[in-house]
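Engineer: Could you have a look at this structure, given as structure tokens, before my questions?
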Amino acid sequence: MSSDKPSRRQQILEALAHELETSPGERITTAGLARAVGVSDEMLAQMDAEHDRLATAPKAADAAMGTSATAPTPANAAAAKPAPAPPASETGGFDGARARSYLEKIVSFGPRPPDTPNLRREQAYLVSQLQSFGCQVSEDNFQAQTGVGKLSMENIVAKVPGRDPGIVLLLSHYDTVRLPGFVGADDGGSSTALLLEVARNLCGKPRPLTVWIAFLDGEEEQTDFQTEQQAQTIWTSNNNTFGSRELAASMDLSGDLKRVKALLLADMIGDANLGVTRESNSTPWLEDLVWSVAKRLGYSQYFLSSSMPVTDDHTPFVSRHVPSADIIDFNYPYWHTTEDTLDKCSPHSLAIVGHVFLESIKALDQKFVSGAHGKS
Ligand SMILES: [Zn+2]
């Protein structure tokens with residue numbers, strides 16, 4: 001099968017070529033390349049297969065925008081509405097529709113780069129929601145020296161005490177990339193909405209392991225991008241992942257880092273066409289645990305066996321030997337484009353990943369705390 005649309009792989013390679021040609025002075029690091037093209041042959045083949053599949057059965061959004069390779073038929077026009085979430089009772093208490101409403105609210109704040117009024121509105125929203133769920137909330141403010149100057153940043157950490165001091169640390173970044181018109185429904189929004197709904201499920205209830213849920217500032221590269229191509233290719237050392245580096249360093253200093261039994265990072269998990277791959281810098285036993293939970297729940301079609309490397313908010317923890325898994329669907333055609341909007345994300349995807357998070361936390365309880373039984 002083929003189509004006139006360039007494949008995602010071609011688009012990335014062309015963007016890179018363009019970037020190298022037009023900004024030869026910019027440093028494109030290995031991490032940036034890993035994000036852009038550092039994918040295995042298996043992953044590229046999968047992207048191409050996916051591209052062919054989409055060319056035949058266009059995505060809802062494509063059909064809506066009239067950019068698909070084939071004309072919408074009633075069948076795929078019906079698919080134009082993102083899939084609804086199953087009832088919360090079928091996803092371990094995780095309410096995908098509710099998570100979707102959090103996502104809508106977050107996106108309504110507009111572009112949310114660090115140290116902007118929009119991001120401060122999001123911070124106030126996150127804190128008030130977490131408090132309403134009965135979470136203990138701490139706001140950790142810090143100054144970051146970035147490529148666009150000194151910025152005030154804030155990590156928001158919700159803490160759920162357990163009878164065991166061991167910590168399950170959940171992470172999401174809540175800032176969006178510094179690109180005009182970018183609202184980050186999937187990148188920044190989806191994982192934040194997901195962890196809010198996870199927090200609603202966990203806060204105020206007794207549990208075996210302690211859970212910390214950290215909403216991180218400043219994950220994105222701090223450069224004022226003018227084009228999507230720049231935003232997709234430039235990733236320089238020490239000018240991104242500010243919140244996670246701050247949290248890892250402060251937990252290291254306080255001694256809390258030693259208590260972390262497992263870290264689960266959520267990033268870009270709202271894609272209506274969900275396909276979470278393994279991430280090759282993550283800790284194998286922890287990924288195995290998450291993937292076996294997904295398999296048990298019947299989600300193997302969404303939690304794929306292929307793997308790709310991604311530099312992300314888990315990296316400062318991986319380098320400190322904290323068992324970590326990055327749960328990310330990086331095969332998202334709208335990544336760092338102004339098309340990363342609500343219509344590309346589905347409550348169904350949020351519900352699936354939320355269910356896997358809640359059940360993985362239970363599996364970790366059982367692994368680390370004696371007497372912590374009870375599957376749902
Ligand atoms: Zn991003």
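The chains in the structure tokens are called A, B, ... from first to last as shown; in each chain the residues are counted from 1, and the ligands are counted from 1 in the order shown.
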Name each residue within 9 Å of ligand 1, counting only C-alpha atoms and all ligand atoms, as a list in words.

Structural biologist: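 Residues lying within 9 Å of ligand 1: Asp175, Thr176, Val177, Gly184, Asp186, Asp187, Gly188, Glu219, Glu220, Glu221, Ala231, Gln232, Asp267, Met268, Trp335 and His336 of chain A.
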
Engineer: If we count only C-alpha atoms, what is near range 94-99 of chain A at a cut-off of 12 Å, once residues fewer than 2 positions away on the same chain are taken out, given as a ChimeraX atom specification?

Structural biologist: /A:82-92,101-106,129,189-202,269-270,345-359

Engineer: Next, the residues of the selection above should be written as a short mmCIF file (atom, residue, chain, number, x, y, z; two decimals), in the first residue's frame with N, CA and C atoms.

Structural biologist:
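Dumped to part-v5.cif:
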data_model
loop_
_atom_site.label_atom_id
_atom_site.label_comp_id
_atom_site.auth_asym_id
_atom_site.auth_seq_id
_atom_site.Cartn_x
_atom_site.Cartn_y
_atom_site.Cartn_z
N PRO A 82 -13.49 10.67 18.83
CA PRO A 82 -12.59 9.85 19.64
C PRO A 82 -13.38 8.86 20.50
N ALA A 83 -12.83 7.65 20.63
CA ALA A 83 -13.56 6.60 21.33
C ALA A 83 -13.88 7.00 22.76
N PRO A 84 -15.11 6.73 23.22
CA PRO A 84 -15.45 7.02 24.62
C PRO A 84 -14.72 6.05 25.55
N ALA A 85 -14.65 6.44 26.79
CA ALA A 85 -14.01 5.56 27.77
C ALA A 85 -15.00 4.52 28.25
N PRO A 86 -14.50 3.32 28.59
CA PRO A 86 -15.39 2.36 29.26
C PRO A 86 -15.77 2.91 30.64
N PRO A 87 -16.84 2.38 31.25
CA PRO A 87 -17.18 2.84 32.61
C PRO A 87 -16.02 2.59 33.57
N ALA A 88 -15.91 3.45 34.56
CA ALA A 88 -14.80 3.34 35.52
C ALA A 88 -14.76 1.97 36.19
N SER A 89 -15.94 1.34 36.34
CA SER A 89 -15.98 0.03 36.99
C SER A 89 -15.24 -1.03 36.16
N GLU A 90 -15.06 -0.75 34.86
CA GLU A 90 -14.33 -1.71 34.02
C GLU A 90 -12.85 -1.39 33.92
N THR A 91 -12.44 -0.25 34.46
CA THR A 91 -11.03 0.12 34.39
C THR A 91 -10.48 0.42 35.78
N GLY A 92 -10.83 -0.45 36.72
CA GLY A 92 -10.24 -0.41 38.05
C GLY A 92 -10.54 0.85 38.83
N SER A 101 -12.20 15.24 31.05
CA SER A 101 -12.65 16.59 31.44
C SER A 101 -11.49 17.38 32.07
N TYR A 102 -10.61 16.69 32.80
CA TYR A 102 -9.41 17.38 33.30
C TYR A 102 -8.55 17.86 32.13
N LEU A 103 -8.43 17.00 31.13
CA LEU A 103 -7.61 17.36 29.96
C LEU A 103 -8.18 18.59 29.25
N GLU A 104 -9.51 18.62 29.12
CA GLU A 104 -10.14 19.76 28.45
C GLU A 104 -9.85 21.05 29.21
N LYS A 105 -9.93 20.97 30.53
CA LYS A 105 -9.66 22.15 31.35
C LYS A 105 -8.20 22.60 31.18
N ILE A 106 -7.28 21.64 31.21
CA ILE A 106 -5.85 21.96 31.09
C ILE A 106 -5.57 22.64 29.74
N GLN A 129 -7.31 20.92 42.54
CA GLN A 129 -7.90 19.60 42.30
C GLN A 129 -7.31 18.57 43.27
N GLY A 189 -0.47 17.63 28.31
CA GLY A 189 -1.83 17.59 28.84
C GLY A 189 -2.27 16.21 29.27
N SER A 190 -2.12 15.22 28.37
CA SER A 190 -2.73 13.90 28.62
C SER A 190 -2.18 13.23 29.87
N SER A 191 -0.88 13.25 30.04
CA SER A 191 -0.28 12.55 31.19
C SER A 191 -0.61 13.28 32.49
N THR A 192 -0.77 14.60 32.40
CA THR A 192 -1.13 15.38 33.59
C THR A 192 -2.56 15.05 34.01
N ALA A 193 -3.47 14.99 33.02
CA ALA A 193 -4.85 14.59 33.32
C ALA A 193 -4.89 13.17 33.88
N LEU A 194 -4.07 12.30 33.31
CA LEU A 194 -4.01 10.91 33.77
C LEU A 194 -3.63 10.84 35.25
N LEU A 195 -2.56 11.57 35.62
CA LEU A 195 -2.10 11.49 37.01
C LEU A 195 -3.07 12.18 37.97
N LEU A 196 -3.81 13.18 37.49
CA LEU A 196 -4.86 13.75 38.34
C LEU A 196 -5.89 12.68 38.69
N GLU A 197 -6.31 11.91 37.68
CA GLU A 197 -7.33 10.89 37.93
C GLU A 197 -6.74 9.74 38.77
N VAL A 198 -5.48 9.44 38.60
CA VAL A 198 -4.82 8.45 39.46
C VAL A 198 -4.82 8.97 40.91
N ALA A 199 -4.50 10.26 41.06
CA ALA A 199 -4.49 10.86 42.40
C ALA A 199 -5.87 10.80 43.04
N ARG A 200 -6.90 11.06 42.26
CA ARG A 200 -8.27 11.02 42.79
C ARG A 200 -8.60 9.61 43.32
N ASN A 201 -8.05 8.61 42.64
CA ASN A 201 -8.28 7.23 43.06
C ASN A 201 -7.51 6.85 44.32
N LEU A 202 -6.34 7.48 44.52
CA LEU A 202 -5.46 7.01 45.60
C LEU A 202 -5.49 7.88 46.85
N ILE A 269 0.30 9.92 26.39
CA ILE A 269 -0.45 8.66 26.42
C ILE A 269 -1.93 8.86 26.06
N GLY A 270 -2.25 10.03 25.49
CA GLY A 270 -3.65 10.29 25.17
C GLY A 270 -4.03 10.02 23.72
N CYS A 345 -6.86 13.16 20.92
CA CYS A 345 -6.75 12.37 22.14
C CYS A 345 -8.11 11.76 22.48
N SER A 346 -8.08 10.57 23.06
CA SER A 346 -9.37 9.95 23.39
C SER A 346 -9.46 9.57 24.87
N PRO A 347 -10.67 9.68 25.42
CA PRO A 347 -10.90 9.23 26.79
C PRO A 347 -10.57 7.74 26.94
N HIS A 348 -10.78 6.99 25.86
CA HIS A 348 -10.51 5.55 25.88
C HIS A 348 -9.02 5.28 26.14
N SER A 349 -8.16 6.02 25.46
CA SER A 349 -6.72 5.82 25.67
C SER A 349 -6.32 6.19 27.09
N LEU A 350 -6.86 7.30 27.59
CA LEU A 350 -6.57 7.70 28.98
C LEU A 350 -7.01 6.58 29.94
N ALA A 351 -8.18 6.01 29.67
CA ALA A 351 -8.71 4.97 30.57
C ALA A 351 -7.82 3.72 30.57
N ILE A 352 -7.35 3.34 29.39
CA ILE A 352 -6.51 2.14 29.30
C ILE A 352 -5.21 2.34 30.07
N VAL A 353 -4.55 3.47 29.82
CA VAL A 353 -3.27 3.70 30.49
C VAL A 353 -3.49 3.92 31.99
N GLY A 354 -4.58 4.59 32.34
CA GLY A 354 -4.90 4.79 33.76
C GLY A 354 -5.13 3.47 34.47
N HIS A 355 -5.85 2.58 33.82
CA HIS A 355 -6.10 1.25 34.39
C HIS A 355 -4.78 0.52 34.61
N VAL A 356 -3.90 0.59 33.61
CA VAL A 356 -2.60 -0.08 33.73
C VAL A 356 -1.78 0.55 34.86
N PHE A 357 -1.85 1.86 35.02
CA PHE A 357 -1.12 2.50 36.12
C PHE A 357 -1.64 2.00 37.47
N LEU A 358 -2.95 2.05 37.65
CA LEU A 358 -3.51 1.65 38.96
C LEU A 358 -3.16 0.18 39.27
N GLU A 359 -3.28 -0.69 38.27
CA GLU A 359 -3.00 -2.10 38.52
C GLU A 359 -1.50 -2.36 38.69
#

Engineer: What are the DSSP strand (DSSP E) residues of range 92-271 of chain A, as a ChimeraX atom specification?

Structural biologist: /A:136-146,149-160,164-173,209-216,260-267

Engineer: Excluding range 246-260 of chain A and any residue of its chain fewer than 4 positions from it, enumerate the residues within 7 Å of it, using only C-alpha atoms, and give them as a list of chain:residue names.

Structural biologist: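 So, after excluding close chain neighbours, the residues are A:Pro165, A:Gly166, A:Ile167, A:Val168, A:Leu169, A:Phe242, A:Pro316, A:Phe317, A:Val322.
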
Engineer: Run DSSP on the backbone and give me the residues of range 50-244 of chain A it puts in helix (DSSP H, G or I), as a PyMOL selection string.

Structural biologist: chain A and resi 50-56+60-65+74-78+88-90+96-108+117-132+185-202+228-233+242-244

Engineer: Let's have the selection written as a tab-separated table (two decimals), in the first residue's frame, with C-alpha atoms.

Structural biologist:
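File result33.tsv, as written:
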chain	number	residue	atom	x	y	z
A	50	GLU	CA	1.11	2.25	10.61
A	51	HIS	CA	1.41	4.95	7.98
A	52	ASP	CA	0.10	2.57	5.32
A	53	ARG	CA	-2.74	1.52	7.60
A	54	LEU	CA	-3.70	5.14	8.25
A	55	ALA	CA	-3.51	5.93	4.55
A	56	THR	CA	-6.22	3.33	4.00
A	60	ALA	CA	-10.64	10.91	12.47
A	61	ALA	CA	-8.71	14.13	12.53
A	62	ASP	CA	-7.32	13.60	9.06
A	63	ALA	CA	-10.79	12.99	7.74
A	64	ALA	CA	-12.10	16.06	9.52
A	65	MET	CA	-9.34	18.23	8.10
A	74	PRO	CA	-19.53	6.76	6.44
A	75	ALA	CA	-17.57	4.04	8.23
A	76	ASN	CA	-14.47	6.11	8.89
A	77	ALA	CA	-16.47	9.28	9.31
A	78	ALA	CA	-18.15	7.51	12.22
A	88	ALA	CA	-14.80	3.34	35.52
A	89	SER	CA	-15.98	0.03	36.99
A	90	GLU	CA	-14.33	-1.71	34.02
A	96	GLY	CA	-11.60	7.97	31.53
A	97	ALA	CA	-14.42	10.48	30.97
A	98	ARG	CA	-13.39	12.37	34.09
A	99	ALA	CA	-9.74	12.31	32.99
A	100	ARG	CA	-10.90	13.71	29.67
A	101	SER	CA	-12.65	16.59	31.44
A	102	TYR	CA	-9.41	17.38	33.30
A	103	LEU	CA	-7.61	17.36	29.96
A	104	GLU	CA	-10.14	19.76	28.45
A	105	LYS	CA	-9.66	22.15	31.35
A	106	ILE	CA	-5.85	21.96	31.09
A	107	VAL	CA	-5.88	22.63	27.34
A	108	SER	CA	-8.29	25.54	27.87
A	117	PRO	CA	0.52	33.35	33.28
A	118	ASN	CA	-1.10	30.36	31.52
A	119	LEU	CA	1.14	27.90	33.34
A	120	ARG	CA	0.42	29.61	36.66
A	121	ARG	CA	-3.30	29.11	36.00
A	122	GLU	CA	-2.64	25.44	35.36
A	123	GLN	CA	-0.60	25.19	38.58
A	124	ALA	CA	-3.44	26.71	40.60
A	125	TYR	CA	-5.89	24.27	38.98
A	126	LEU	CA	-3.70	21.23	39.67
A	127	VAL	CA	-3.16	22.20	43.32
A	128	SER	CA	-6.85	22.87	43.94
A	129	GLN	CA	-7.90	19.60	42.30
A	130	LEU	CA	-5.33	17.59	44.26
A	131	GLN	CA	-6.39	19.21	47.52
A	132	SER	CA	-10.04	18.49	46.74
A	185	ALA	CA	-3.24	18.12	24.40
A	186	ASP	CA	-1.19	14.94	24.21
A	187	ASP	CA	2.28	16.30	25.04
A	188	GLY	CA	1.96	17.77	28.51
A	189	GLY	CA	-1.83	17.59	28.84
A	190	SER	CA	-2.73	13.90	28.62
A	191	SER	CA	-0.28	12.55	31.19
A	192	THR	CA	-1.13	15.38	33.59
A	193	ALA	CA	-4.85	14.59	33.32
A	194	LEU	CA	-4.01	10.91	33.77
A	195	LEU	CA	-2.10	11.49	37.01
A	196	LEU	CA	-4.86	13.75	38.34
A	197	GLU	CA	-7.33	10.89	37.93
A	198	VAL	CA	-4.82	8.45	39.46
A	199	ALA	CA	-4.49	10.86	42.40
A	200	ARG	CA	-8.27	11.02	42.79
A	201	ASN	CA	-8.28	7.23	43.06
A	202	LEU	CA	-5.46	7.01	45.60
A	228	GLU	CA	7.71	23.07	14.32
A	229	GLN	CA	10.83	21.67	12.67
A	230	GLN	CA	13.00	23.40	15.25
A	231	ALA	CA	10.76	22.20	18.06
A	232	GLN	CA	11.04	18.63	16.77
A	233	THR	CA	14.80	18.54	16.43
A	242	PHE	CA	14.49	21.02	34.65
A	243	GLY	CA	11.74	19.76	36.95
A	244	SER	CA	12.89	16.14	36.98

Engineer: Give the answer as one residue: which of A:Val310, A:Leu364, A:Val157, A:Leu342 has the shortest atom-to-atom distance to Trp235 in chain A, using only C-alpha atoms?

Structural biologist: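 So, comparing all the options, the nearest one is A:Val310.
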
Engineer: Report the closest atom pair, with its distance in Å rounded to one decimal, for each residue of range 86-197 of chain A that has an atom no farther than 12 Å from range 224-227 of chain A; count only C-alpha atoms, sort by chain and then rising residue number, and write it as a tab-separated table.

Structural biologist:
residue	atom	partner	partner_atom	distance
A:Pro113	CA	A:Asp224	CA	9.9
A:Pro114	CA	A:Asp224	CA	11.6
A:Thr146	CA	A:Asp224	CA	11.0
A:Gly147	CA	A:Asp224	CA	8.6
A:Val148	CA	A:Asp224	CA	7.2
A:Gly149	CA	A:Asp224	CA	10.9
A:Thr176	CA	A:Asp224	CA	11.9
A:Val177	CA	A:Phe225	CA	8.5
A:Arg178	CA	A:Asp224	CA	5.5
A:Leu179	CA	A:Phe225	CA	5.2
A:Pro180	CA	A:Gln226	CA	7.4
A:Gly181	CA	A:Gln226	CA	10.6
A:Phe182	CA	A:Phe225	CA	10.7

Engineer: Restricting the output to N, CA and C atoms, write the selected residues as an mmCIF file, in the first residue's frame.

Structural biologist:
data_model
loop_
_atom_site.group_PDB
_atom_site.id
_atom_site.type_symbol
_atom_site.label_atom_id
_atom_site.label_comp_id
_atom_site.auth_asym_id
_atom_site.auth_seq_id
_atom_site.Cartn_x
_atom_site.Cartn_y
_atom_site.Cartn_z
ATOM 1 N N PRO A 113 4.047 27.320 28.480
ATOM 2 C CA PRO A 113 5.483 27.236 28.763
ATOM 3 C C PRO A 113 5.788 27.701 30.201
ATOM 4 N N PRO A 114 6.922 27.298 30.743
ATOM 5 C CA PRO A 114 7.298 27.685 32.110
ATOM 6 C C PRO A 114 7.302 29.202 32.309
ATOM 7 N N THR A 146 18.016 29.009 32.100
ATOM 8 C CA THR A 146 17.649 28.338 30.844
ATOM 9 C C THR A 146 18.148 29.119 29.637
ATOM 10 N N GLY A 147 17.918 28.536 28.490
ATOM 11 C CA GLY A 147 18.296 29.173 27.229
ATOM 12 C C GLY A 147 17.550 30.470 26.955
ATOM 13 N N VAL A 148 16.447 30.697 27.668
ATOM 14 C CA VAL A 148 15.719 31.961 27.485
ATOM 15 C C VAL A 148 15.789 32.809 28.755
ATOM 16 N N GLY A 149 16.804 32.556 29.569
ATOM 17 C CA GLY A 149 17.002 33.341 30.780
ATOM 18 C C GLY A 149 16.566 32.588 32.025
ATOM 19 N N THR A 176 4.285 22.979 28.480
ATOM 20 C CA THR A 176 4.255 22.678 27.043
ATOM 21 C C THR A 176 5.411 23.373 26.345
ATOM 22 N N VAL A 177 5.717 22.843 25.172
ATOM 23 C CA VAL A 177 6.879 23.336 24.429
ATOM 24 C C VAL A 177 6.661 24.794 24.014
ATOM 25 N N ARG A 178 7.763 25.522 23.988
ATOM 26 C CA ARG A 178 7.738 26.970 23.725
ATOM 27 C C ARG A 178 7.597 27.230 22.223
ATOM 28 N N LEU A 179 6.394 26.944 21.711
ATOM 29 C CA LEU A 179 6.133 27.080 20.274
ATOM 30 C C LEU A 179 4.804 27.818 20.139
ATOM 31 N N PRO A 180 4.761 28.937 19.407
ATOM 32 C CA PRO A 180 3.515 29.711 19.328
ATOM 33 C C PRO A 180 2.325 28.853 18.889
ATOM 34 N N GLY A 181 1.211 28.984 19.602
ATOM 35 C CA GLY A 181 -0.019 28.283 19.222
ATOM 36 C C GLY A 181 -0.079 26.824 19.643
ATOM 37 N N PHE A 182 0.947 26.357 20.367
ATOM 38 C CA PHE A 182 0.988 24.936 20.754
ATOM 39 C C PHE A 182 0.273 24.743 22.091
#

Engineer: Quick one: residues within 7 Å of range 281-297 of chain A, only C-alpha atoms, excluding same-chain residues fewer than 2 positions away - as a list in words?

Structural biologist: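 Those residues are Glu279, Tyr299, Ser300, Phe303, Pro309, Pro323, Ser324, Ala325, Asp326, Val356, Glu359 and Ser360 of chain A.
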
Engineer: For range 204-214 of chain A, work out the shell of residues within 8 Å, counting only C-alpha atoms and skipping chain neighbours fewer than 4 positions away, then give it as a ChimeraX atom specification.

Structural biologist: /A:133-135,155-172,195,199,365,368-369,372
